[in-house]
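Below is work-v3.cif, which holds mmCIF, C-alpha atoms and all ligand atoms.
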```
data_target
#
loop_
_atom_site.group_PDB
_atom_site.id
_atom_site.type_symbol
_atom_site.label_atom_id
_atom_site.label_comp_id
_atom_site.auth_asym_id
_atom_site.auth_seq_id
_atom_site.Cartn_x
_atom_site.Cartn_y
_atom_site.Cartn_z
ATOM 1 C CA MET M 1 8.285 87.237 117.972
ATOM 2 C CA GLY M 2 6.246 88.193 114.889
ATOM 3 C CA LYS M 3 6.694 91.330 112.811
ATOM 4 C CA GLY M 4 3.494 92.933 114.099
ATOM 5 C CA GLU M 5 4.597 92.546 117.695
ATOM 6 C CA ILE M 6 8.079 93.940 116.945
ATOM 7 C CA LEU M 7 6.584 97.001 115.253
ATOM 8 C CA ARG M 8 4.219 97.471 118.198
ATOM 9 C CA GLN M 9 7.080 97.231 120.691
ATOM 10 C CA ALA M 10 9.182 99.680 118.657
ATOM 11 C CA MET M 11 6.325 102.169 118.732
ATOM 12 C CA GLN M 12 5.769 101.626 122.453
ATOM 13 C CA ALA M 13 9.479 102.048 123.292
ATOM 14 C CA VAL M 14 9.440 105.493 121.652
ATOM 15 C CA VAL M 15 6.163 106.518 123.310
ATOM 16 C CA VAL M 16 7.494 105.710 126.792
ATOM 17 C CA GLY M 17 10.960 107.044 125.903
ATOM 18 C CA ASP M 18 12.704 103.796 126.836
ATOM 19 C CA GLU M 19 16.039 103.976 125.027
ATOM 20 C CA GLU M 20 17.169 100.500 126.107
ATOM 21 C CA ALA M 21 13.941 98.890 124.936
ATOM 22 C CA ALA M 22 14.092 100.792 121.625
ATOM 23 C CA VAL M 23 17.637 99.570 120.974
ATOM 24 C CA ALA M 24 16.736 96.005 122.036
ATOM 25 C CA VAL M 25 13.715 95.850 119.729
ATOM 26 C CA ALA M 26 15.757 97.294 116.856
ATOM 27 C CA LYS M 27 18.379 94.564 117.382
ATOM 28 C CA MET M 28 15.644 91.954 117.517
ATOM 29 C CA ALA M 29 14.164 93.230 114.237
ATOM 30 C CA VAL M 30 17.581 92.928 112.594
ATOM 31 C CA ALA M 31 18.033 89.397 113.961
ATOM 32 C CA GLU M 32 14.580 88.400 112.665
ATOM 33 C CA GLY M 33 15.371 89.815 109.207
ATOM 34 C CA ILE M 34 12.594 92.431 109.272
ATOM 35 C CA ASN M 35 13.125 95.283 106.811
ATOM 36 C CA PRO M 36 14.641 98.163 108.863
ATOM 37 C CA ILE M 37 12.715 100.697 106.765
ATOM 38 C CA GLU M 38 9.440 99.175 107.958
ATOM 39 C CA VAL M 39 10.609 99.321 111.568
ATOM 40 C CA ILE M 40 11.458 103.015 111.144
ATOM 41 C CA SER M 41 8.301 104.021 109.292
ATOM 42 C CA ASP M 42 5.638 101.758 110.834
ATOM 43 C CA GLY M 43 7.096 101.303 114.313
ATOM 44 C CA LEU M 44 9.346 104.153 115.513
ATOM 45 C CA SER M 45 7.698 106.916 113.448
ATOM 46 C CA ALA M 46 4.257 105.833 114.632
ATOM 47 C CA GLY M 47 5.563 106.240 118.192
ATOM 48 C CA ILE M 48 6.959 109.744 117.646
ATOM 49 C CA LYS M 49 3.715 110.725 115.902
ATOM 50 C CA GLU M 50 1.805 109.637 118.996
ATOM 51 C CA ILE M 51 4.184 111.746 121.128
ATOM 52 C CA GLY M 52 3.607 114.739 118.834
ATOM 53 C CA ASP M 53 -0.164 114.345 119.221
ATOM 54 C CA LEU M 54 0.099 114.138 123.021
ATOM 55 C CA PHE M 55 2.366 117.212 123.074
ATOM 56 C CA GLU M 56 -0.061 119.131 120.893
ATOM 57 C CA LYS M 57 -2.923 118.270 123.257
ATOM 58 C CA ASP M 58 -0.791 119.501 126.198
ATOM 59 C CA GLU M 59 -0.871 116.039 127.744
ATOM 60 C CA ILE M 60 2.919 115.824 127.954
ATOM 61 C CA SER M 61 5.671 118.431 128.260
ATOM 62 C CA ILE M 62 8.828 118.928 126.203
ATOM 63 C CA PRO M 63 11.171 116.689 128.295
ATOM 64 C CA PHE M 64 9.013 113.690 127.316
ATOM 65 C CA VAL M 65 9.371 114.651 123.664
ATOM 66 C CA ILE M 66 13.145 114.894 124.127
ATOM 67 C CA ILE M 67 13.518 111.419 125.647
ATOM 68 C CA ALA M 68 11.190 109.909 123.032
ATOM 69 C CA ALA M 69 13.235 111.504 120.223
ATOM 70 C CA GLU M 70 16.429 110.238 121.846
ATOM 71 C CA ALA M 71 15.072 106.662 122.012
ATOM 72 C CA MET M 72 14.026 106.890 118.363
ATOM 73 C CA SER M 73 17.445 108.168 117.243
ATOM 74 C CA LYS M 74 19.272 105.384 119.114
ATOM 75 C CA ALA M 75 17.069 102.719 117.500
ATOM 76 C CA ILE M 76 17.564 104.251 114.032
ATOM 77 C CA ALA M 77 21.340 104.120 114.570
ATOM 78 C CA VAL M 78 21.051 100.347 115.135
ATOM 79 C CA LEU M 79 18.849 99.831 112.070
ATOM 80 C CA GLU M 80 20.566 102.090 109.523
ATOM 81 C CA PRO M 81 23.597 99.893 108.715
ATOM 82 C CA HIS M 82 21.194 97.026 107.921
ATOM 83 C CA ILE M 83 19.131 98.847 105.300
ATOM 84 C CA PRO M 84 19.830 96.997 102.056
ATOM 85 C CA LYS M 85 21.396 99.118 99.299
ATOM 86 C CA GLU M 86 18.825 99.273 96.526
ATOM 87 C CA HIS M 87 21.097 100.891 94.013
ATOM 88 C CA LYS M 88 24.352 99.468 92.804
ATOM 89 C CA GLY M 89 26.452 101.209 90.180
ATOM 90 C CA LYS M 90 26.622 104.775 88.946
ATOM 91 C CA LYS M 91 25.627 107.594 91.275
ATOM 92 C CA VAL M 92 22.119 108.919 90.571
ATOM 93 C CA GLY M 93 22.814 112.504 91.635
ATOM 94 C CA THR M 94 24.262 114.783 94.292
ATOM 95 C CA VAL M 95 22.083 116.244 97.040
ATOM 96 C CA VAL M 96 22.897 118.897 99.625
ATOM 97 C CA LEU M 97 20.504 118.443 102.536
ATOM 98 C CA GLY M 98 19.843 120.221 105.812
ATOM 99 C CA THR M 99 17.334 121.565 108.311
ATOM 100 C CA VAL M 100 16.874 125.313 107.938
ATOM 101 C CA GLU M 101 18.268 127.953 110.277
ATOM 102 C CA GLY M 102 16.374 128.266 113.572
ATOM 103 C CA ASP M 103 15.076 124.697 113.456
ATOM 104 C CA ILE M 104 16.773 121.846 115.315
ATOM 105 C CA HIS M 105 14.416 119.009 114.283
ATOM 106 C CA ASP M 106 16.562 116.539 112.391
ATOM 107 C CA ILE M 107 15.174 113.004 112.760
ATOM 108 C CA GLY M 108 13.077 113.120 109.575
ATOM 109 C CA LYS M 109 15.823 114.853 107.620
ATOM 110 C CA GLY M 110 18.202 112.100 108.736
ATOM 111 C CA ILE M 111 15.800 109.425 107.460
ATOM 112 C CA VAL M 112 15.565 111.231 104.118
ATOM 113 C CA ALA M 113 19.387 111.357 103.904
ATOM 114 C CA THR M 114 19.635 107.628 104.603
ATOM 115 C CA MET M 115 16.982 106.722 102.024
ATOM 116 C CA LEU M 116 18.554 108.910 99.336
ATOM 117 C CA ARG M 117 21.905 107.186 99.938
ATOM 118 C CA VAL M 118 20.247 103.771 99.777
ATOM 119 C CA TYR M 119 18.876 104.708 96.354
ATOM 120 C CA GLY M 120 22.210 105.826 94.941
ATOM 121 C CA PHE M 121 22.484 109.543 95.711
ATOM 122 C CA GLU M 122 25.623 111.181 97.070
ATOM 123 C CA VAL M 123 24.278 113.126 100.059
ATOM 124 C CA HIS M 124 26.007 116.013 101.815
ATOM 125 C CA ASP M 125 24.097 116.309 105.080
ATOM 126 C CA LEU M 126 24.722 119.750 106.579
ATOM 127 C CA GLY M 127 22.862 118.925 109.785
ATOM 128 C CA ARG M 128 20.373 121.241 111.447
ATOM 129 C CA ASP M 129 20.027 124.998 112.030
ATOM 130 C CA VAL M 130 21.762 125.590 108.695
ATOM 131 C CA PRO M 131 22.045 129.187 107.389
ATOM 132 C CA VAL M 132 21.001 129.853 103.787
ATOM 133 C CA GLU M 133 24.567 130.810 102.763
ATOM 134 C CA VAL M 134 25.883 127.441 103.913
ATOM 135 C CA PHE M 135 23.373 125.582 101.690
ATOM 136 C CA VAL M 136 24.350 127.761 98.738
ATOM 137 C CA SER M 137 28.116 127.539 99.162
ATOM 138 C CA LYS M 138 28.052 123.757 99.696
ATOM 139 C CA ALA M 139 25.860 123.293 96.614
ATOM 140 C CA ARG M 140 28.348 125.327 94.560
ATOM 141 C CA GLU M 141 31.350 123.447 96.011
ATOM 142 C CA VAL M 142 30.001 119.960 95.235
ATOM 143 C CA ASN M 143 28.142 120.966 92.040
ATOM 144 C CA ALA M 144 24.898 119.660 93.550
ATOM 145 C CA ASP M 145 21.918 118.624 91.453
ATOM 146 C CA ILE M 146 19.462 119.155 94.294
ATOM 147 C CA ILE M 147 19.288 121.207 97.488
ATOM 148 C CA GLY M 148 16.885 119.635 99.982
ATOM 149 C CA SER M 149 15.682 121.587 102.997
ATOM 150 C CA SER M 150 13.633 120.432 105.942
ATOM 151 C CA THR M 151 11.556 122.356 108.447
ATOM 152 C CA LEU M 152 9.016 121.260 111.038
ATOM 153 C CA MET M 153 7.935 124.620 112.372
ATOM 154 C CA THR M 154 5.734 127.268 110.834
ATOM 155 C CA THR M 155 8.037 129.905 112.340
ATOM 156 C CA THR M 156 10.988 128.678 110.276
ATOM 157 C CA LEU M 157 9.108 128.155 106.989
ATOM 158 C CA PRO M 158 10.262 131.582 105.704
ATOM 159 C CA ALA M 159 13.842 130.277 105.690
ATOM 160 C CA GLN M 160 12.910 127.989 102.784
ATOM 161 C CA LYS M 161 11.672 131.006 100.846
ATOM 162 C CA LEU M 162 14.930 132.847 101.599
ATOM 163 C CA LEU M 163 16.863 129.792 100.436
ATOM 164 C CA GLN M 164 14.898 129.674 97.188
ATOM 165 C CA GLU M 165 15.624 133.367 96.585
ATOM 166 C CA ALA M 166 19.316 132.912 97.396
ATOM 167 C CA VAL M 167 19.618 129.963 95.009
ATOM 168 C CA GLU M 168 18.039 132.001 92.218
ATOM 169 C CA ALA M 169 20.173 135.085 93.010
ATOM 170 C CA ALA M 170 23.339 132.956 92.936
ATOM 171 C CA GLY M 171 22.357 131.637 89.495
ATOM 172 C CA LEU M 172 22.969 128.055 90.573
ATOM 173 C CA LYS M 173 21.857 125.347 88.162
ATOM 174 C CA VAL M 174 20.288 123.323 90.922
ATOM 175 C CA ARG M 175 16.792 122.076 91.754
ATOM 176 C CA THR M 176 15.247 122.575 95.178
ATOM 177 C CA MET M 177 13.253 120.072 97.183
ATOM 178 C CA VAL M 178 11.389 120.934 100.378
ATOM 179 C CA GLY M 179 9.901 118.806 103.145
ATOM 180 C CA GLY M 180 9.198 118.453 106.853
ATOM 181 C CA ALA M 181 5.987 118.442 108.870
ATOM 182 C CA ALA M 182 5.306 122.181 108.373
ATOM 183 C CA VAL M 183 5.668 121.980 104.592
ATOM 184 C CA SER M 184 3.051 121.248 101.915
ATOM 185 C CA GLN M 185 2.779 121.135 98.143
ATOM 186 C CA LEU M 186 0.984 124.466 98.361
ATOM 187 C CA TRP M 187 3.969 126.035 100.131
ATOM 188 C CA ALA M 188 6.422 124.501 97.669
ATOM 189 C CA ASP M 189 4.429 125.985 94.782
ATOM 190 C CA LYS M 190 4.182 129.348 96.492
ATOM 191 C CA ILE M 191 7.946 129.751 96.942
ATOM 192 C CA GLY M 192 8.792 128.166 93.583
ATOM 193 C CA ALA M 193 10.554 125.060 94.893
ATOM 194 C CA SER M 194 11.092 122.332 92.288
ATOM 195 C CA ALA M 195 9.549 119.557 94.398
ATOM 196 C CA TYR M 196 7.896 118.666 97.680
ATOM 197 C CA GLY M 197 8.208 115.302 99.420
ATOM 198 C CA GLU M 198 5.732 114.274 102.095
ATOM 199 C CA ASN M 199 7.897 111.447 103.411
ATOM 200 C CA ALA M 200 11.263 109.785 102.784
ATOM 201 C CA ALA M 201 9.928 107.434 100.077
ATOM 202 C CA GLU M 202 8.417 110.364 98.199
ATOM 203 C CA ALA M 203 11.644 112.342 98.662
ATOM 204 C CA VAL M 204 13.494 109.550 96.847
ATOM 205 C CA ARG M 205 10.912 109.372 94.048
ATOM 206 C CA LYS M 206 10.905 113.152 93.503
ATOM 207 C CA ALA M 207 14.699 113.403 93.705
ATOM 208 C CA LYS M 208 15.024 110.660 91.073
ATOM 209 C CA GLU M 209 12.599 112.512 88.793
ATOM 210 C CA LEU M 210 14.582 115.734 89.157
ATOM 211 C CA ALA M 211 17.898 113.987 88.530
ATOM 212 C CA GLU M 212 16.592 112.037 85.532
ATOM 213 C CA ASN M 213 15.197 115.178 83.859
ATOM 214 C CA GLN M 214 18.394 117.167 84.214
ATOM 215 C CA TRP M 215 18.630 117.650 80.466
ATOM 216 C CA GLN M 216 15.629 119.976 80.798
ATOM 217 C CA TRP M 217 17.305 122.378 83.173
ATOM 218 C CA ARG M 218 21.083 121.875 83.268
HETATM 219 C C1 LIG M 301 10.647 115.062 118.169
HETATM 220 C C2 LIG M 301 10.200 116.501 118.225
HETATM 221 C C3 LIG M 301 11.069 117.428 118.831
HETATM 222 C C4 LIG M 301 12.478 117.052 119.304
HETATM 223 C C5 LIG M 301 13.406 117.044 118.059
HETATM 224 C C6 LIG M 301 14.564 116.067 118.174
HETATM 225 C C7 LIG M 301 15.327 115.958 116.886
HETATM 226 N N1 LIG M 301 16.609 115.671 117.028
HETATM 227 O O1 LIG M 301 14.828 116.122 115.799
HETATM 228 C C8 LIG M 301 12.780 118.215 120.306
HETATM 229 C C9 LIG M 301 12.328 117.782 121.672
HETATM 230 C C10 LIG M 301 14.241 118.673 120.383
HETATM 231 C C11 LIG M 301 11.823 119.293 119.797
HETATM 232 C C12 LIG M 301 11.986 120.649 120.046
HETATM 233 C C13 LIG M 301 11.052 121.606 119.724
HETATM 234 N N2 LIG M 301 9.864 121.411 119.118
HETATM 235 CO CO1 LIG M 301 9.333 119.728 118.351
HETATM 236 N N3 LIG M 301 8.546 118.159 117.755
HETATM 237 C C14 LIG M 301 8.939 116.912 117.699
HETATM 238 C C15 LIG M 301 7.821 116.014 117.124
HETATM 239 C C16 LIG M 301 7.079 115.357 118.299
HETATM 240 C C17 LIG M 301 8.237 114.912 116.172
HETATM 241 C C18 LIG M 301 9.123 115.363 115.006
HETATM 242 C C19 LIG M 301 9.724 114.130 114.343
HETATM 243 O O2 LIG M 301 10.876 113.781 114.554
HETATM 244 N N4 LIG M 301 8.891 113.393 113.577
HETATM 245 C C20 LIG M 301 9.282 112.111 112.945
HETATM 246 C C21 LIG M 301 9.901 112.327 111.588
HETATM 247 C C22 LIG M 301 10.242 110.968 110.972
HETATM 248 O O3 LIG M 301 8.949 112.994 110.772
HETATM 249 P P1 LIG M 301 9.278 114.346 109.986
HETATM 250 O O4 LIG M 301 10.311 115.139 110.690
HETATM 251 O O5 LIG M 301 8.010 114.994 109.624
HETATM 252 O O6 LIG M 301 10.016 113.827 108.654
HETATM 253 C C23 LIG M 301 9.381 113.103 107.609
HETATM 254 C C24 LIG M 301 8.713 113.998 106.533
HETATM 255 O O7 LIG M 301 8.295 115.254 107.038
HETATM 256 C C25 LIG M 301 9.724 114.087 105.426
HETATM 257 N N5 LIG M 301 10.796 115.100 105.476
HETATM 258 C C26 LIG M 301 11.435 115.634 106.527
HETATM 259 N N6 LIG M 301 12.398 116.460 106.115
HETATM 260 C C27 LIG M 301 12.389 116.465 104.765
HETATM 261 C C28 LIG M 301 13.192 117.146 103.839
HETATM 262 C C29 LIG M 301 12.946 116.984 102.483
HETATM 263 C C30 LIG M 301 13.802 117.716 101.516
HETATM 264 C C31 LIG M 301 11.892 116.121 102.049
HETATM 265 C C32 LIG M 301 11.606 115.989 100.621
HETATM 266 C C33 LIG M 301 11.101 115.433 102.979
HETATM 267 C C34 LIG M 301 11.359 115.599 104.330
HETATM 268 O O8 LIG M 301 10.325 112.803 105.472
HETATM 269 C C35 LIG M 301 10.509 112.401 106.846
HETATM 270 C C36 LIG M 301 10.533 110.906 106.943
HETATM 271 O O9 LIG M 301 9.369 110.316 106.401
HETATM 272 C C37 LIG M 301 6.942 117.083 116.375
HETATM 273 C C38 LIG M 301 5.471 116.708 116.151
HETATM 274 C C39 LIG M 301 5.110 116.542 114.694
HETATM 275 N N7 LIG M 301 3.838 116.358 114.468
HETATM 276 O O10 LIG M 301 5.912 116.619 113.785
HETATM 277 C C40 LIG M 301 7.156 118.326 117.248
HETATM 278 C C41 LIG M 301 6.998 119.737 116.645
HETATM 279 C C42 LIG M 301 7.582 119.795 115.263
HETATM 280 N N8 LIG M 301 7.795 120.563 117.570
HETATM 281 C C43 LIG M 301 7.259 121.706 117.783
HETATM 282 C C44 LIG M 301 7.833 122.711 118.610
HETATM 283 C C45 LIG M 301 6.981 123.969 118.817
HETATM 284 C C46 LIG M 301 9.103 122.559 119.197
HETATM 285 C C47 LIG M 301 9.843 123.576 120.085
HETATM 286 C C48 LIG M 301 9.752 125.060 119.692
HETATM 287 C C49 LIG M 301 9.303 123.323 121.513
HETATM 288 C C50 LIG M 301 9.818 124.236 122.594
HETATM 289 N N9 LIG M 301 8.883 124.939 123.191
HETATM 290 O O11 LIG M 301 10.988 124.277 122.855
HETATM 291 C C51 LIG M 301 11.304 123.061 120.004
HETATM 292 C C52 LIG M 301 12.039 123.607 118.754
HETATM 293 C C53 LIG M 301 13.328 124.247 118.977
HETATM 294 C C54 LIG M 301 13.952 124.655 117.656
HETATM 295 N N10 LIG M 301 14.524 125.836 117.618
HETATM 296 O O12 LIG M 301 13.931 123.934 116.671
HETATM 297 C C55 LIG M 301 5.936 121.875 117.047
HETATM 298 C C56 LIG M 301 6.006 122.818 115.838
HETATM 299 C C57 LIG M 301 4.745 123.657 115.731
HETATM 300 C C58 LIG M 301 4.704 124.443 114.476
HETATM 301 N N11 LIG M 301 3.815 124.078 113.598
HETATM 302 O O13 LIG M 301 5.438 125.345 114.277
HETATM 303 C C59 LIG M 301 5.548 120.392 116.719
HETATM 304 C C60 LIG M 301 4.708 120.220 115.463
HETATM 305 C C61 LIG M 301 4.774 119.855 117.969
HETATM 306 C C62 LIG M 301 3.420 120.519 118.168
HETATM 307 N N12 LIG M 301 2.371 119.876 117.716
HETATM 308 O O14 LIG M 301 3.320 121.583 118.719
HETATM 309 N N13 LIG M 301 10.825 118.756 119.075
#
```
Once more with this new file: its structure as structure tokens, please.
Ligand code: B12
Amino acid sequence: MGKGEILRQAMQAVVVGDEEAAVAVAKMAVAEGINPIEVISDGLSAGIKEIGDLFEKDEISIPFVIIAAEAMSKAIAVLEPHIPKEHKGKKVGTVVLGTVEGDIHDIGKGIVATMLRVYGFEVHDLGRDVPVEVFVSKAREVNADIIGSSTLMTTTLPAQKLLQEAVEAAGLKVRTMVGGAAVSQLWADKIGASAYGENAAEAVRKAKELAENQWQWR
């Protein structure tokens, strides 16, 4: 089966919420030597985007979103160990990452964590629904270079502002990076975050920039 067909089937498996098919197509992609990152971004993510659009238009209800997300997560778990390590050698930087308090969306944050690791970052993934204090204390404990926070809902955006304020109040020498579907460059600028990443590839690029320019702020 060609790459195009595998990507199409990966997308379709997520849209119909077929966990078995999603896992099978992920295994097939690995066997065919297709880059797992492409399967995640052009296949599975395209499927969950379609689900999001249908949900927004009220054409499907939340249980369909749940089974689609489950199928996507299972397929990612198959693909992740096969993502080639792009960075060999010295660690690039330390990142504390999590989804903000009140928000349980964690698929995108998980992809960002994986990609940062692939590119040589030590990542402390705090999971989802993470209180501000937990971000701050973990960053202090591991002497983090960057705190990354994710949020997909407009209702939980304020938590990123609270996090920014807490980081500044604690006097931590750390940069902040924000992302997630509800976030924009405009929002990042408004709250004073150091960087915004629209997707996992941009998260890596921005995190590298922040880590490389440490001499300016450490
Ligand atoms: C899957 C999904 C769910 C799943 C989540 C499963 C999981 N484990 O994550 C479930 C079913 C649980 C769910 C629940 C809910 N959801 Co929902 N969900 C979605 C959906 C369809 C897809 C999200 C997703 O996984 N996308 C795929 C990933 C790969 O994309 P991503 O998260 O954006 O991540 C990428 C980038 O944003 C970026 N990124 C992400 N994080 C970070 C962090 C940093 C630091 C950086 C730099 C970059 C970065 O890189 C990632 C990879 O490229 C979206 C629709 C949408 N348009 O986003 C709605 C959506 C986010 N959900 C929504 C809502 C309302 C809810 C619920 C409140 C529904 C309800 N009535 O119960 C609950 C939330 C409960 C809670 N307290 O959190 C709304 C939010 C509306 C808003 N603007 O506020 C959306 C937009 C749907 C809609 N159109 O109405 N949801």
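For the residues M:Asp125, M:Glu50, M:Glu209, M:Glu59, ranking by smallest atom-to-atom distance to Gly98 of chain M using all atoms listed in the file places M:Asp125 first.
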Original post:
Which distance in Å separates atom CA of Ala159 of chain M and atom CA of Ala200 of chain M, to one decimal?
Top reply: 20.9 Å
**OP:** Considering only C-alpha atoms, state which residue in the set M:Val100, M:Ala31, M:Ala113, M:Val136 is at the smallest distance from Ser149 of chain M.
**Re:**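 Once distances to Ser149 of chain M are computed over only C-alpha atoms, the minimum belongs to M:Val100.
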Original post:
Which distance in Å separates atom CA of Glu165 of chain M and atom CA of Ile147 of chain M, to one decimal?
Top reply: 12.7 Å
**OP:** Fewer than 4 positions away in the same chain doesn't count, so skip those; otherwise give me all residues within 7 Å of Val15 of chain M, counting only C-alpha atoms, as number ranges by chain.
**Re:** M: 11, 47-48, 50-51, 68
Original post:
Smallest atom-to-atom distance to ligand LIG 301 (chain M): which of M:Leu152, M:Ile6, M:Leu116, M:Ala211, using only C-alpha atoms and all ligand atoms?
Top reply: M:Leu152
Subject >> Pick from M:Ala10, M:Ile191, M:Ala182, M:Ala139, whichever lies nearest to ligand LIG 301 (chain M) using all atoms listed in the file >> reply: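 Checking each of M:Ala10, M:Ile191, M:Ala182, M:Ala139 against ligand LIG 301 (chain M), counting all atoms listed in the file, the winner is M:Ala182.
Residues lying within 8 Å of Ile104 of chain M, counting all atoms listed in the file and ignoring same-chain neighbours fewer than 3 positions away, are Thr99, Arg128 and Asp129 of chain M.
Atom C59 of ligand LIG 301 (chain M) to atom CA of Gly17 of chain M spans 17.1 Å [interatomic distance, one decimal].
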Subject >> Using only C-alpha atoms and all ligand atoms: which of M:Asp18, M:Glu198, M:Glu133, M:Glu212 has the shortest distance to ligand LIG 301 (chain M) >> reply: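 Once distances to ligand LIG 301 (chain M) are computed over only C-alpha atoms and all ligand atoms, the minimum belongs to M:Glu198.
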**OP:** Apply the PyMOL selection byres (((chain M and resi 85-92) around 8) and not hetatm) to the file shown and report the selected residues as an MDAnalysis selection string.
**Re:** chainID M and resid 83:84 93:94 118:122 208 211
Subject >> Residues in the PyMOL selection byres (((chain M and resi 183) around 12) and not hetatm), expressed as a PyMOL selection string >> reply: chain M and resi 149-161+177-182+184-191+193+195-199
**OP:** Please provide as number ranges by chain all residues within 12 Å of Ile34 of chain M, with the sequence filter that same-chain residues fewer than 4 positions apart are discarded (counting all atoms listed in the file).
**Re:** M: 1-7, 25-30, 38-40, 42-43, 79, 82-84
Original post:
What's the 12 Å shell around Ala144 of chain M, counting all atoms listed in the file, without same-chain residues fewer than 3 positions away, as JSON, numbers by chain?
Top reply: {"M": [92, 93, 94, 95, 96, 97, 121, 122, 123, 124, 135, 136, 137, 138, 139, 140, 141, 147, 148, 167, 172, 173, 174, 175, 176, 207, 210, 211, 214, 218]}
**OP:** Go through the shown structure with the PyMOL selection byres (((chain M and resi 71) around 8) and not hetatm) and write out the matching residues as a ChimeraX atom specification.
**Re:** /M:13-14,17-20,22-23,67-70,72-75
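Counting all atoms listed in the file and comparing M:Arg117, M:Lys206, M:Arg8, M:Lys109, the residue that lies closest to ligand LIG 301 (chain M) is M:Lys109.
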